[in-house]
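Trainee: Below is protein_10.cif; it holds mmCIF, C-alpha atoms.
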```cif
data_upload
loop_
_atom_site.label_atom_id
_atom_site.label_comp_id
_atom_site.auth_asym_id
_atom_site.auth_seq_id
_atom_site.Cartn_x
_atom_site.Cartn_y
_atom_site.Cartn_z
CA MET A 1 39.68 48.58 98.78
CA ALA A 2 38.74 44.97 98.12
CA ASP A 3 40.03 43.29 94.97
CA GLU A 4 37.52 43.02 92.16
CA VAL A 5 38.12 39.93 90.05
CA LYS A 6 35.95 39.04 87.07
CA LEU A 7 36.31 36.12 84.71
CA TYR A 8 34.74 36.08 81.26
CA ALA A 9 34.30 32.41 80.58
CA VAL A 10 32.74 29.48 78.87
CA GLY A 11 32.43 26.76 81.49
CA GLY A 12 33.22 23.92 79.12
CA SER A 13 36.49 25.35 77.80
CA PRO A 14 39.76 23.73 78.93
CA PHE A 15 41.50 27.09 78.39
CA VAL A 16 39.06 28.81 80.73
CA CYS A 17 39.46 25.97 83.23
CA ARG A 18 43.21 26.57 83.34
CA VAL A 19 42.42 29.98 84.79
CA LYS A 20 39.75 28.60 87.13
CA ILE A 21 42.20 26.05 88.52
CA ALA A 22 44.77 28.81 89.13
CA LEU A 23 42.19 31.02 90.85
CA ASN A 24 41.01 28.08 92.94
CA LEU A 25 44.55 27.13 93.88
CA LYS A 26 45.13 30.64 95.25
CA GLY A 27 41.72 30.79 96.91
CA ILE A 28 40.66 33.88 94.94
CA GLU A 29 37.03 34.87 94.85
CA TYR A 30 35.74 36.08 91.53
CA GLN A 31 32.62 36.85 89.53
CA ASN A 32 32.06 34.50 86.63
CA PHE A 33 30.48 35.93 83.47
CA GLU A 34 29.36 33.11 81.22
CA GLU A 35 29.67 34.03 77.54
CA ASP A 36 27.61 32.87 74.59
CA LEU A 37 30.25 32.67 71.88
CA SER A 38 27.67 33.08 69.13
CA ASN A 39 26.62 36.35 70.75
CA LYS A 40 29.62 37.83 72.53
CA SER A 41 29.04 40.44 75.19
CA ALA A 42 30.08 44.05 74.70
CA ASP A 43 32.34 43.62 77.72
CA LEU A 44 34.21 40.71 76.16
CA LEU A 45 34.77 42.62 72.94
CA LYS A 46 35.96 45.62 74.95
CA TYR A 47 38.30 43.62 77.18
CA ASN A 48 39.76 41.41 74.46
CA PRO A 49 39.60 43.38 71.22
CA VAL A 50 42.53 41.51 69.64
CA TYR A 51 41.15 37.96 69.85
CA LYS A 52 37.59 38.43 71.16
CA LYS A 53 38.01 35.14 73.05
CA VAL A 54 37.64 33.69 76.52
CA PRO A 55 39.13 33.46 79.08
CA VAL A 56 39.61 37.09 80.02
CA LEU A 57 40.45 38.00 83.59
CA VAL A 58 39.58 41.54 84.65
CA HIS A 59 41.37 42.57 87.84
CA ASN A 60 40.26 45.90 89.28
CA GLY A 61 39.09 46.94 85.83
CA LYS A 62 42.25 45.86 84.00
CA PRO A 63 41.93 43.01 81.48
CA ILE A 64 44.36 40.16 80.88
CA SER A 65 43.88 37.66 78.03
CA GLU A 66 45.44 34.39 76.81
CA SER A 67 45.08 31.60 79.35
CA LEU A 68 48.78 31.04 80.08
CA VAL A 69 49.44 34.78 80.37
CA VAL A 70 46.52 34.94 82.82
CA VAL A 71 47.79 31.98 84.85
CA GLU A 72 51.25 33.55 85.19
CA TYR A 73 49.63 36.86 86.12
CA ILE A 74 47.66 35.15 88.86
CA ASP A 75 50.88 33.60 90.17
CA ASP A 76 52.63 37.00 90.08
CA VAL A 77 49.91 38.86 91.93
CA TRP A 78 48.68 36.40 94.53
CA LYS A 79 51.18 34.65 96.75
CA GLY A 80 50.27 31.41 98.52
CA VAL A 81 50.40 28.13 96.64
CA PRO A 82 53.01 28.61 93.88
CA ILE A 83 52.10 27.80 90.27
CA LEU A 84 55.61 28.31 88.90
CA PRO A 85 58.91 27.35 90.55
CA GLN A 86 60.99 30.15 92.07
CA ASP A 87 64.29 29.10 90.53
CA PRO A 88 64.80 30.74 87.10
CA TYR A 89 66.04 27.52 85.49
CA GLU A 90 63.18 25.40 86.83
CA LYS A 91 60.80 28.14 85.78
CA ALA A 92 62.19 28.05 82.24
CA VAL A 93 61.77 24.27 82.16
CA ALA A 94 58.14 24.56 83.31
CA ARG A 95 57.45 27.20 80.66
CA PHE A 96 59.09 24.97 78.04
CA TRP A 97 56.75 22.07 78.79
CA ALA A 98 53.70 24.33 78.99
CA LYS A 99 54.58 25.72 75.56
CA PHE A 100 55.18 22.21 74.20
CA ILE A 101 51.74 21.11 75.34
CA ASP A 102 50.06 24.24 74.01
CA ASP A 103 51.92 24.54 70.68
CA LYS A 104 52.52 20.90 69.75
CA CYS A 105 50.42 18.40 71.72
CA ILE A 106 47.04 20.02 71.75
CA PRO A 107 46.99 21.13 68.08
CA ALA A 108 48.16 17.65 67.03
CA ILE A 109 45.34 16.07 69.03
CA PHE A 110 42.75 18.50 67.63
CA LYS A 111 43.90 17.49 64.15
CA VAL A 112 43.11 13.85 64.91
CA PHE A 113 39.48 14.56 65.69
CA GLY A 114 39.16 17.29 63.08
CA SER A 115 40.31 14.82 60.43
CA ASN A 116 38.07 12.07 61.79
CA GLY A 117 40.95 9.84 62.79
CA ASP A 118 43.31 10.27 59.84
CA LYS A 119 46.20 7.81 60.29
CA GLN A 120 48.92 10.40 59.72
CA ALA A 121 47.31 12.74 62.24
CA ILE A 122 47.10 9.94 64.81
CA SER A 123 50.74 9.06 64.25
CA GLU A 124 51.86 12.67 64.73
CA ALA A 125 49.73 13.12 67.85
CA CYS A 126 51.13 9.93 69.35
CA GLU A 127 54.67 11.19 68.68
CA GLN A 128 53.99 14.29 70.75
CA LEU A 129 52.23 12.31 73.47
CA GLN A 130 55.17 9.91 73.67
CA ILE A 131 57.46 12.84 74.45
CA LEU A 132 55.20 13.77 77.36
CA GLU A 133 54.99 10.14 78.45
CA ASN A 134 58.80 9.94 78.49
CA GLU A 135 59.06 13.15 80.49
CA LEU A 136 56.67 11.82 83.15
CA ALA A 137 58.48 8.46 83.19
CA SER A 138 61.91 10.04 83.53
CA LYS A 139 60.93 12.26 86.46
CA GLY A 140 58.83 9.59 88.19
CA ASN A 141 56.63 12.13 89.97
CA LYS A 142 52.91 12.23 90.58
CA PHE A 143 52.61 15.45 88.60
CA PHE A 144 54.72 17.47 86.14
CA GLY A 145 55.14 19.82 89.09
CA GLY A 146 56.36 17.07 91.41
CA ASP A 147 54.19 16.27 94.43
CA ASN A 148 51.84 19.11 93.56
CA ILE A 149 50.41 20.49 90.33
CA ASN A 150 52.15 23.37 88.64
CA LEU A 151 51.87 25.41 85.44
CA VAL A 152 52.55 22.36 83.27
CA ASP A 153 49.82 20.22 84.82
CA ILE A 154 47.37 23.12 84.57
CA THR A 155 48.27 23.67 80.91
CA ALA A 156 47.68 19.96 80.21
CA ASP A 157 44.17 19.95 81.70
CA PHE A 158 42.68 19.15 78.30
CA LEU A 159 44.65 15.89 78.21
CA ALA A 160 43.44 14.84 81.63
CA TYR A 161 39.71 15.36 81.16
CA TRP A 162 38.44 16.57 77.79
CA LEU A 163 40.46 14.15 75.66
CA GLU A 164 38.88 11.05 77.11
CA ILE A 165 35.40 12.50 76.60
CA ILE A 166 36.09 13.34 72.94
CA GLU A 167 37.50 9.83 72.50
CA GLU A 168 34.23 8.39 73.75
CA ALA A 169 32.16 10.74 71.59
CA THR A 170 34.08 9.94 68.40
CA GLU A 171 35.10 6.36 69.17
CA ILE A 172 38.67 7.28 68.25
CA LYS A 173 41.07 6.18 70.96
CA LEU A 174 44.41 7.99 71.32
CA VAL A 175 45.54 7.56 74.91
CA THR A 176 45.22 4.00 76.14
CA LYS A 177 46.59 2.69 79.42
CA ASP A 178 48.77 0.25 77.48
CA LYS A 179 50.31 2.84 75.19
CA PHE A 180 50.57 5.73 77.65
CA PRO A 181 50.53 4.35 81.20
CA LYS A 182 52.19 7.39 82.78
CA ILE A 183 49.85 9.90 81.12
CA THR A 184 46.87 7.77 82.13
CA GLU A 185 48.04 7.66 85.75
CA TRP A 186 48.83 11.39 85.75
CA ALA A 187 45.39 12.20 84.31
CA ASP A 188 43.68 10.23 87.04
CA ASN A 189 45.67 12.00 89.75
CA PHE A 190 45.06 15.39 88.18
CA VAL A 191 41.28 15.19 87.91
CA ASN A 192 41.11 14.00 91.50
CA CYS A 193 42.87 17.09 92.85
CA GLN A 194 40.41 19.05 94.94
CA VAL A 195 41.10 22.37 93.21
CA VAL A 196 40.60 20.73 89.82
CA LYS A 197 37.61 18.54 90.67
CA GLU A 198 35.67 21.52 91.95
CA ILE A 199 35.77 23.44 88.68
CA LEU A 200 35.56 20.75 85.99
CA PRO A 201 32.42 21.00 83.86
CA PRO A 202 29.97 18.07 84.03
CA ARG A 203 31.01 15.10 81.91
CA GLU A 204 27.55 14.51 80.39
CA HIS A 205 27.36 18.06 79.05
CA LEU A 206 30.75 17.77 77.37
CA LEU A 207 29.93 14.33 75.97
CA ALA A 208 26.69 15.59 74.45
CA PHE A 209 28.49 18.64 73.08
CA PHE A 210 31.24 16.57 71.43
CA ARG A 211 28.83 14.00 70.05
CA LYS A 212 26.97 16.83 68.35
CA ARG A 213 30.18 18.58 67.24
CA PHE A 214 31.68 15.47 65.68
CA GLY A 215 28.39 14.29 64.20
CA LYS A 216 27.86 11.11 66.14
CA ALA A 217 24.74 12.23 68.03
CA MET B 218 88.24 27.06 74.36
CA ALA B 219 87.82 26.73 78.12
CA GLY B 220 84.30 25.97 79.39
CA SER B 221 82.28 29.12 79.06
CA GLU B 222 79.65 30.12 81.56
CA VAL B 223 77.20 31.11 78.81
CA GLU B 224 76.97 29.54 75.37
CA LEU B 225 74.46 30.20 72.62
CA LEU B 226 73.71 27.62 69.93
CA ASP B 227 72.31 29.65 67.07
CA PHE B 228 72.04 30.22 63.33
CA TRP B 229 72.83 33.62 61.84
CA ALA B 230 69.50 34.02 59.97
CA SER B 231 67.26 32.78 62.77
CA LEU B 232 64.80 35.39 64.03
CA PHE B 233 64.50 33.45 67.26
CA GLY B 234 68.26 33.44 67.73
CA MET B 235 68.30 37.21 67.21
CA ARG B 236 65.87 37.68 70.09
CA VAL B 237 68.34 35.97 72.40
CA ARG B 238 71.33 37.87 71.01
CA ILE B 239 69.51 41.15 71.62
CA ALA B 240 68.63 40.19 75.20
CA LEU B 241 72.18 39.10 76.02
CA ALA B 242 73.54 42.33 74.51
CA GLU B 243 71.04 44.47 76.44
CA LYS B 244 72.29 42.91 79.66
CA GLY B 245 75.94 43.05 78.62
CA VAL B 246 76.37 39.30 79.15
CA GLN B 247 79.53 37.74 77.70
CA TYR B 248 78.90 34.49 75.87
CA ASP B 249 80.28 31.97 73.42
CA TYR B 250 78.43 32.03 70.13
CA LYS B 251 78.27 28.70 68.30
CA GLU B 252 76.97 28.73 64.73
CA GLU B 253 75.01 25.58 63.93
CA ASN B 254 74.79 23.97 60.53
CA LEU B 255 71.09 23.18 60.42
CA THR B 256 71.55 20.51 57.75
CA ASN B 257 74.10 18.78 59.99
CA LYS B 258 73.20 19.50 63.59
CA SER B 259 75.85 19.12 66.24
CA GLN B 260 75.74 16.40 68.86
CA LEU B 261 75.64 19.17 71.45
CA LEU B 262 72.47 20.66 69.96
CA LEU B 263 70.76 17.27 69.79
CA GLU B 264 71.66 16.64 73.44
CA MET B 265 70.69 20.08 74.68
CA ASN B 266 67.36 20.23 72.82
CA PRO B 267 66.28 16.62 72.30
CA VAL B 268 62.59 17.50 72.05
CA HIS B 269 62.76 20.01 69.18
CA LYS B 270 66.40 19.75 68.01
CA LYS B 271 66.21 23.46 67.21
CA ILE B 272 68.13 26.61 67.86
CA PRO B 273 68.42 28.88 69.74
CA VAL B 274 69.56 27.07 72.86
CA LEU B 275 71.16 28.98 75.70
CA ILE B 276 73.50 26.86 77.78
CA HIS B 277 74.15 28.34 81.22
CA TYR B 278 76.64 26.46 83.39
CA GLY B 279 75.98 23.44 81.20
CA LYS B 280 72.18 23.56 81.57
CA PRO B 281 70.09 24.16 78.46
CA ILE B 282 67.25 26.63 78.10
CA CYS B 283 65.18 26.38 74.92
CA GLU B 284 62.51 28.47 73.13
CA SER B 285 63.53 32.05 72.38
CA ASN B 286 60.93 33.95 74.45
CA ILE B 287 61.52 31.61 77.39
CA ILE B 288 65.27 32.21 77.08
CA VAL B 289 64.74 36.00 77.04
CA GLN B 290 62.68 35.78 80.24
CA TYR B 291 65.35 33.56 81.80
CA ILE B 292 68.06 36.09 80.91
CA ASP B 293 65.99 38.87 82.48
CA GLU B 294 65.47 36.86 85.66
CA VAL B 295 69.04 35.62 86.10
CA TRP B 296 70.63 38.98 85.31
CA GLN B 297 67.94 40.99 87.07
CA ASN B 298 70.58 43.13 88.73
CA LYS B 299 71.81 44.33 85.36
CA TYR B 300 70.11 47.31 83.76
CA PRO B 301 67.89 47.49 81.80
CA PRO B 302 64.98 45.29 82.91
CA LEU B 303 63.57 43.49 79.87
CA LEU B 304 60.16 42.92 81.49
CA PRO B 305 58.35 45.33 83.79
CA SER B 306 58.16 44.43 87.47
CA ASP B 307 54.48 45.38 87.68
CA PRO B 308 52.47 42.16 87.15
CA TYR B 309 49.86 43.81 84.92
CA LEU B 310 52.44 45.45 82.65
CA LYS B 311 54.40 42.20 82.63
CA ALA B 312 51.26 40.36 81.48
CA GLN B 313 50.80 42.92 78.69
CA ALA B 314 54.39 42.37 77.54
CA ARG B 315 53.83 38.60 77.51
CA PHE B 316 50.54 38.98 75.66
CA TRP B 317 52.17 41.01 72.89
CA ALA B 318 55.23 38.76 72.61
CA ASP B 319 52.83 35.86 72.17
CA PHE B 320 50.91 37.82 69.52
CA VAL B 321 54.16 38.48 67.67
CA ASP B 322 54.72 34.72 67.40
CA LYS B 323 51.55 34.50 65.32
CA ILE B 324 52.84 37.17 62.95
CA TYR B 325 56.11 35.25 62.69
CA ASP B 326 54.20 32.10 61.82
CA ALA B 327 52.28 33.90 59.07
CA GLY B 328 55.56 35.36 57.76
CA ARG B 329 57.10 31.90 57.65
CA ARG B 330 54.15 30.61 55.63
CA ILE B 331 54.43 33.49 53.17
CA LEU B 332 57.99 32.37 52.47
CA ASN B 333 57.29 28.63 52.39
CA THR B 334 53.98 28.30 50.56
CA LYS B 335 52.38 29.37 47.35
CA GLY B 336 48.98 29.98 45.78
CA GLU B 337 45.97 30.02 48.09
CA GLU B 338 47.98 29.08 51.18
CA MET B 339 50.32 32.00 50.62
CA GLU B 340 47.44 34.42 50.12
CA LYS B 341 45.90 33.24 53.39
CA ALA B 342 49.23 33.72 55.15
CA LYS B 343 49.55 37.21 53.66
CA THR B 344 46.12 38.21 54.97
CA GLU B 345 47.01 36.98 58.44
CA PHE B 346 50.37 38.73 58.29
CA ILE B 347 48.87 42.02 57.18
CA ASP B 348 46.14 41.80 59.81
CA GLY B 349 48.82 41.21 62.43
CA LEU B 350 50.87 44.21 61.36
CA LYS B 351 47.73 46.36 61.40
CA VAL B 352 47.08 45.37 65.01
CA LEU B 353 50.68 46.23 65.95
CA GLU B 354 50.40 49.56 64.17
CA GLY B 355 47.34 50.27 66.31
CA GLN B 356 49.01 49.03 69.48
CA LEU B 357 51.98 51.33 68.92
CA GLY B 358 49.74 54.39 68.60
CA GLU B 359 51.66 57.27 70.12
CA LYS B 360 53.92 55.04 72.21
CA PRO B 361 57.64 54.84 71.45
CA TYR B 362 57.70 51.07 72.04
CA LEU B 363 55.18 48.26 71.81
CA THR B 364 54.15 48.26 75.45
CA GLY B 365 55.08 51.75 76.62
CA GLU B 366 57.96 54.11 77.20
CA SER B 367 60.73 51.52 77.46
CA PHE B 368 62.25 49.05 75.04
CA GLY B 369 61.54 45.55 76.29
CA TYR B 370 60.34 42.01 75.90
CA ALA B 371 57.65 42.56 73.27
CA ASP B 372 59.98 44.74 71.17
CA ILE B 373 62.71 42.11 71.43
CA ALA B 374 60.21 39.49 70.26
CA MET B 375 59.18 41.52 67.21
CA VAL B 376 62.15 43.53 65.97
CA PRO B 377 64.15 40.65 64.41
CA LEU B 378 61.43 40.36 61.76
CA TYR B 379 62.70 43.68 60.37
CA CYS B 380 65.64 41.94 58.73
CA ARG B 381 63.11 39.92 56.71
CA PHE B 382 60.89 42.85 55.65
CA TYR B 383 62.78 43.19 52.37
CA ALA B 384 62.48 39.47 51.62
CA LEU B 385 58.80 39.43 52.58
CA GLU B 386 58.13 42.45 50.36
CA MET B 387 59.90 40.83 47.40
CA ILE B 388 58.55 37.30 47.81
CA GLY B 389 55.14 38.20 49.17
CA LYS B 390 54.72 41.22 46.88
CA MET B 391 53.83 43.60 49.72
CA ASN B 392 54.85 47.10 50.73
CA ILE B 393 55.48 47.13 54.46
CA GLU B 394 57.53 50.33 54.40
CA LYS B 395 54.63 52.33 52.97
CA GLU B 396 51.67 50.78 54.78
CA TYR B 397 52.91 50.87 58.36
CA PRO B 398 54.59 54.19 59.19
CA LYS B 399 54.39 53.76 62.97
CA LEU B 400 55.91 50.31 62.74
CA ILE B 401 58.75 51.62 60.57
CA ALA B 402 59.38 54.52 62.97
CA TRP B 403 59.45 51.99 65.81
CA VAL B 404 61.93 49.82 63.88
CA LYS B 405 64.24 52.80 63.34
CA ARG B 406 64.03 53.63 67.03
CA CYS B 407 64.94 50.05 67.97
CA MET B 408 67.79 49.95 65.45
CA GLU B 409 69.38 52.91 67.24
CA ARG B 410 70.13 50.49 70.03
CA GLU B 411 73.42 48.72 69.49
CA SER B 412 71.99 45.48 70.90
CA VAL B 413 69.54 45.42 68.00
CA SER B 414 71.65 46.78 65.13
CA LYS B 415 74.48 44.37 65.95
CA SER B 416 72.18 41.36 66.29
CA LEU B 417 70.33 41.71 63.00
CA PRO B 418 72.00 40.60 59.75
CA ASP B 419 71.86 42.57 56.51
CA PRO B 420 68.36 42.30 54.93
CA HIS B 421 69.79 41.67 51.45
CA LYS B 422 71.93 38.81 52.73
CA VAL B 423 68.80 37.42 54.43
CA TYR B 424 66.83 37.72 51.17
CA GLU B 425 69.48 35.77 49.25
CA PHE B 426 69.53 33.08 51.91
CA LEU B 427 65.72 32.75 51.92
CA LEU B 428 65.61 32.58 48.09
CA GLU B 429 68.17 29.77 48.14
CA ARG B 430 66.20 27.94 50.80
CA GLN B 431 62.97 28.37 48.82
CA LYS B 432 64.56 26.77 45.78
CA LYS B 433 65.30 23.69 47.83
CA ILE B 434 61.75 23.43 49.20
CA ARG B 435 59.68 24.25 46.15
#
```
Kindly return the structure encoded in the file as structure tokens.

Mentor:
Amino acid sequence: MADEVKLYAVGGSPFVCRVKIALNLKGIEYQNFEEDLSNKSADLLKYNPVYKKVPVLVHNGKPISESLVVVEYIDDVWKGVPILPQDPYEKAVARFWAKFIDDKCIPAIFKVFGSNGDKQAISEACEQLQILENELASKGNKFFGGDNINLVDITADFLAYWLEIIEEATEIKLVTKDKFPKITEWADNFVNCQVVKEILPPREHLLAFFRKRFGKA
Amino acid sequence: MAGSEVELLDFWASLFGMRVRIALAEKGVQYDYKEENLTNKSQLLLEMNPVHKKIPVLIHYGKPICESNIIVQYIDEVWQNKYPPLLPSDPYLKAQARFWADFVDKIYDAGRRILNTKGEEMEKAKTEFIDGLKVLEGQLGEKPYLTGESFGYADIAMVPLYCRFYALEMIGKMNIEKEYPKLIAWVKRCMERESVSKSLPDPHKVYEFLLERQKKIR
């Protein structure tokens, strides 16, 4: 029996794109169901009753939610290009950085734009970004995963693509080449990966969306 | 003391530390327990967890692993030949365990805010906390444990909160015991395991500690 893979998604979401990158990396074919978050489908509510959010992956009828849980699931099920290292210690390190990005970096950055560039928020966000910058500098690799992208790079997709677009929409600059040269270089490399490039939503759509969202349209 | 293969930097009242203690006990792993003074953190802690400077930190052959749920997964992977498995081997069931452990973290966060805030913020935290417990109550249903027939990762993530139920009831003015019978039955079931009962401190001692800490914050 052939695998049936469905993805409940919103194309512009960085969390959804984490899953799309993982699926693309493994060469998995899937059906994409685009959701209207102001009018969620019955399927979405059925498959993710706890959060009612995207992304939700449904594999042979069984749903998995929460982007990082989905990405690890994809890595567990489909062999091929690895998303996580095999070694338990390296795996723990990768999970640590993914959690740091998800729990600390991204919320701190959201706070900057949510507060319309509050100085304290900017300072806190830069503190978190500096930790990432130092990590990239200390390892001296192209990606967090080394020569190839791994769970950490995938988790940080927002930083590589969406952040710069929100910065343009709001005219609030967080990541400059001067302040964060390693992150800037990493971001450039990341968005140019074939598996990433293919699934990123169009820049103009996101720009228009963020201009409207942050009231600068 | 001679260099130990496994060390745990911890604090007796830390829920996150308890998760790791439970996991190590489940696997029967011998380790050196090091109590940290969180108002005067050791050089070792600052070196082993420079990013967060927090406990718990598991040090295995000198290499640090941080973040409680990540440590529990590490323990399960390294000591995979020791019974019992903490996570299922089936990828779908494993994903469910991870999903619920992640959900538990949100309940923990709400619980923390109940203890550390007041007024409107505390009420908001209480609502989130109660909503979270309701979802867990539903998830348990007729199952003995959070994700099925066996005690595992999601249970380990959640059960430490039991030692704070008394404090949360007193400080948050709630009645957990009465409102969530399935959760309480699940707690009792977990506490029958030595790994759990030996890893959780006395709830009254915890309450006193949290009251003291509150006085310093508020």

Trainee: Could you check how far atom CA of Ile401 of chain B sits from atom CA of Lys422 of chain B, in Å to one decimal?

Mentor: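 Here the two named atoms are 20.0 Å from each other.
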
Trainee: Excluding same-chain residues fewer than 5 positions from segment 4-9 of chain A, what lies within 6 Å of it counting only C-alpha atoms, as a PyMOL selection string?

Mentor: chain A and resi 16+30-35+54-60

Trainee: Could you please select, counting all atoms listed in the file, the residues of chain A within 9 Å of chain B and state them as a PDB file with C-alpha atoms, in the coordinates of the input?

Mentor:
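Okay, selection-v9.pdb is ready:
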```
ATOM      1  CA  VAL A  50      42.530  41.510  69.640  1.00  0.00           C
ATOM      2  CA  LYS A  62      42.250  45.860  84.000  1.00  0.00           C
ATOM      3  CA  PRO A  63      41.930  43.010  81.480  1.00  0.00           C
ATOM      4  CA  ILE A  64      44.360  40.160  80.880  1.00  0.00           C
ATOM      5  CA  SER A  65      43.880  37.660  78.030  1.00  0.00           C
ATOM      6  CA  GLU A  66      45.440  34.390  76.810  1.00  0.00           C
ATOM      7  CA  VAL A  69      49.440  34.780  80.370  1.00  0.00           C
ATOM      8  CA  VAL A  70      46.520  34.940  82.820  1.00  0.00           C
ATOM      9  CA  GLU A  72      51.250  33.550  85.190  1.00  0.00           C
ATOM     10  CA  TYR A  73      49.630  36.860  86.120  1.00  0.00           C
ATOM     11  CA  ILE A  74      47.660  35.150  88.860  1.00  0.00           C
ATOM     12  CA  ASP A  76      52.630  37.000  90.080  1.00  0.00           C
ATOM     13  CA  VAL A  77      49.910  38.860  91.930  1.00  0.00           C
ATOM     14  CA  PRO A  88      64.800  30.740  87.100  1.00  0.00           C
ATOM     15  CA  TYR A  89      66.040  27.520  85.490  1.00  0.00           C
ATOM     16  CA  LYS A  91      60.800  28.140  85.780  1.00  0.00           C
ATOM     17  CA  ALA A  92      62.190  28.050  82.240  1.00  0.00           C
ATOM     18  CA  VAL A  93      61.770  24.270  82.160  1.00  0.00           C
ATOM     19  CA  ARG A  95      57.450  27.200  80.660  1.00  0.00           C
ATOM     20  CA  PHE A  96      59.090  24.970  78.040  1.00  0.00           C
ATOM     21  CA  LYS A  99      54.580  25.720  75.560  1.00  0.00           C
ATOM     22  CA  ILE A 131      57.460  12.840  74.450  1.00  0.00           C
TER      23      ILE A 131
END
```

Trainee: Find the distance between atom CA of Ala318 of chain B and atom CA of Pro273 of chain B and write it in Å to one decimal.

Mentor: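 Atom CA of Ala318 of chain B sits 16.7 Å away from atom CA of Pro273 of chain B.
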
Trainee: Could you check which of A:Glu168, A:Asp157, A:Glu29, A:Asp188 is closest to Phe209 of chain A, using all atoms listed in the file?

Mentor: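 Of the candidates, the smallest distance to Phe209 of chain A is held by A:Glu168.
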
Trainee: Between A:Gly12, A:Lys40, A:Ala137, A:Thr170, single out the one closest to Pro202 of chain A, counting only C-alpha atoms.

Mentor: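 Between A:Gly12, A:Lys40, A:Ala137, A:Thr170, the residue approaching Pro202 of chain A most closely is A:Gly12.
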
Trainee: Just give me the residues with any atom within 12 Å of (32.9, 21.7, 89.2), file coordinates, counting only C-alpha atoms, written as a list in words.

Mentor: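 Residues with an atom at most 12 Å from (32.9, 21.7, 89.2): Gly11, Gly12, Cys17, Lys20, Ile21, Asn24, Val191, Asn192, Cys193, Gln194, Val195, Val196, Lys197, Glu198, Ile199, Leu200, Pro201, Pro202 and Arg203 of chain A.
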
Trainee: Which one is closest to His421 of chain B: B:Thr256, B:Asn266, B:Lys395, B:Leu385? Count all atoms listed in the file.

Mentor: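 The answer is B:Leu385, which sits nearest to His421 of chain B.
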
Trainee: Can you list, as a compact mmCIF listing (two decimals) with C-alpha atoms, in the coordinates of the input, every protein, DNA or RNA residue that comes within 10 Å of Asp227 of chain B when you count all atoms listed in the file, leaving out same-chain residues fewer than 6 positions away?

Mentor:
```txt
# COMPACT_ATOMS: atom_id res chain seq x y z
CA PHE B 233 64.50 33.45 67.26
CA GLY B 234 68.26 33.44 67.73
CA MET B 235 68.30 37.21 67.21
CA VAL B 237 68.34 35.97 72.40
CA ARG B 238 71.33 37.87 71.01
CA TYR B 250 78.43 32.03 70.13
CA LYS B 251 78.27 28.70 68.30
CA GLU B 252 76.97 28.73 64.73
CA GLU B 253 75.01 25.58 63.93
CA ASN B 254 74.79 23.97 60.53
CA LEU B 255 71.09 23.18 60.42
CA LEU B 262 72.47 20.66 69.96
CA LYS B 271 66.21 23.46 67.21
CA ILE B 272 68.13 26.61 67.86
CA PRO B 273 68.42 28.88 69.74
CA VAL B 274 69.56 27.07 72.86
CA LEU B 275 71.16 28.98 75.70
```

Trainee: I would like the residues chosen by the PyMOL selection byres ((chain A and resi 112) around 12) on the shown file; could you give them as an mmCIF file with C-alpha atoms, in the frame of the given file?

Mentor:
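Result saved to result.cif:
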```
data_model
loop_
_atom_site.group_PDB
_atom_site.id
_atom_site.type_symbol
_atom_site.label_atom_id
_atom_site.label_comp_id
_atom_site.auth_asym_id
_atom_site.auth_seq_id
_atom_site.Cartn_x
_atom_site.Cartn_y
_atom_site.Cartn_z
ATOM 1 C CA CYS A 105 50.420 18.400 71.720
ATOM 2 C CA ILE A 106 47.040 20.020 71.750
ATOM 3 C CA PRO A 107 46.990 21.130 68.080
ATOM 4 C CA ALA A 108 48.160 17.650 67.030
ATOM 5 C CA ILE A 109 45.340 16.070 69.030
ATOM 6 C CA PHE A 110 42.750 18.500 67.630
ATOM 7 C CA LYS A 111 43.900 17.490 64.150
ATOM 8 C CA PHE A 113 39.480 14.560 65.690
ATOM 9 C CA GLY A 114 39.160 17.290 63.080
ATOM 10 C CA SER A 115 40.310 14.820 60.430
ATOM 11 C CA ASN A 116 38.070 12.070 61.790
ATOM 12 C CA GLY A 117 40.950 9.840 62.790
ATOM 13 C CA ASP A 118 43.310 10.270 59.840
ATOM 14 C CA LYS A 119 46.200 7.810 60.290
ATOM 15 C CA GLN A 120 48.920 10.400 59.720
ATOM 16 C CA ALA A 121 47.310 12.740 62.240
ATOM 17 C CA ILE A 122 47.100 9.940 64.810
ATOM 18 C CA SER A 123 50.740 9.060 64.250
ATOM 19 C CA GLU A 124 51.860 12.670 64.730
ATOM 20 C CA ALA A 125 49.730 13.120 67.850
ATOM 21 C CA CYS A 126 51.130 9.930 69.350
ATOM 22 C CA LEU A 163 40.460 14.150 75.660
ATOM 23 C CA ILE A 166 36.090 13.340 72.940
ATOM 24 C CA GLU A 167 37.500 9.830 72.500
ATOM 25 C CA THR A 170 34.080 9.940 68.400
ATOM 26 C CA GLU A 171 35.100 6.360 69.170
ATOM 27 C CA ILE A 172 38.670 7.280 68.250
ATOM 28 C CA LYS A 173 41.070 6.180 70.960
ATOM 29 C CA LEU A 174 44.410 7.990 71.320
ATOM 30 C CA PHE A 214 31.680 15.470 65.680
#
```

Trainee: Please write the residues picked by the PyMOL selection byres ((chain A and resi 84) around 12) on this file as a PyMOL selection string.

Mentor: chain A and resi 22+68+71-76+79-83+85-98+144-146+148-155

Trainee: Need to verify the contact set: Thr334 of chain B, 12 Å, only C-alpha atoms, exclusion of same-chain residues closer than 3 positions in sequence. Can you return it as a count of residues only?

Mentor: 19

Trainee: With all atoms listed in the file as the basis for distance, which of B:Asp419, B:Trp296, B:Leu225, B:Gly336 is at the shortest distance from Met265 of chain B?

Mentor: B:Leu225
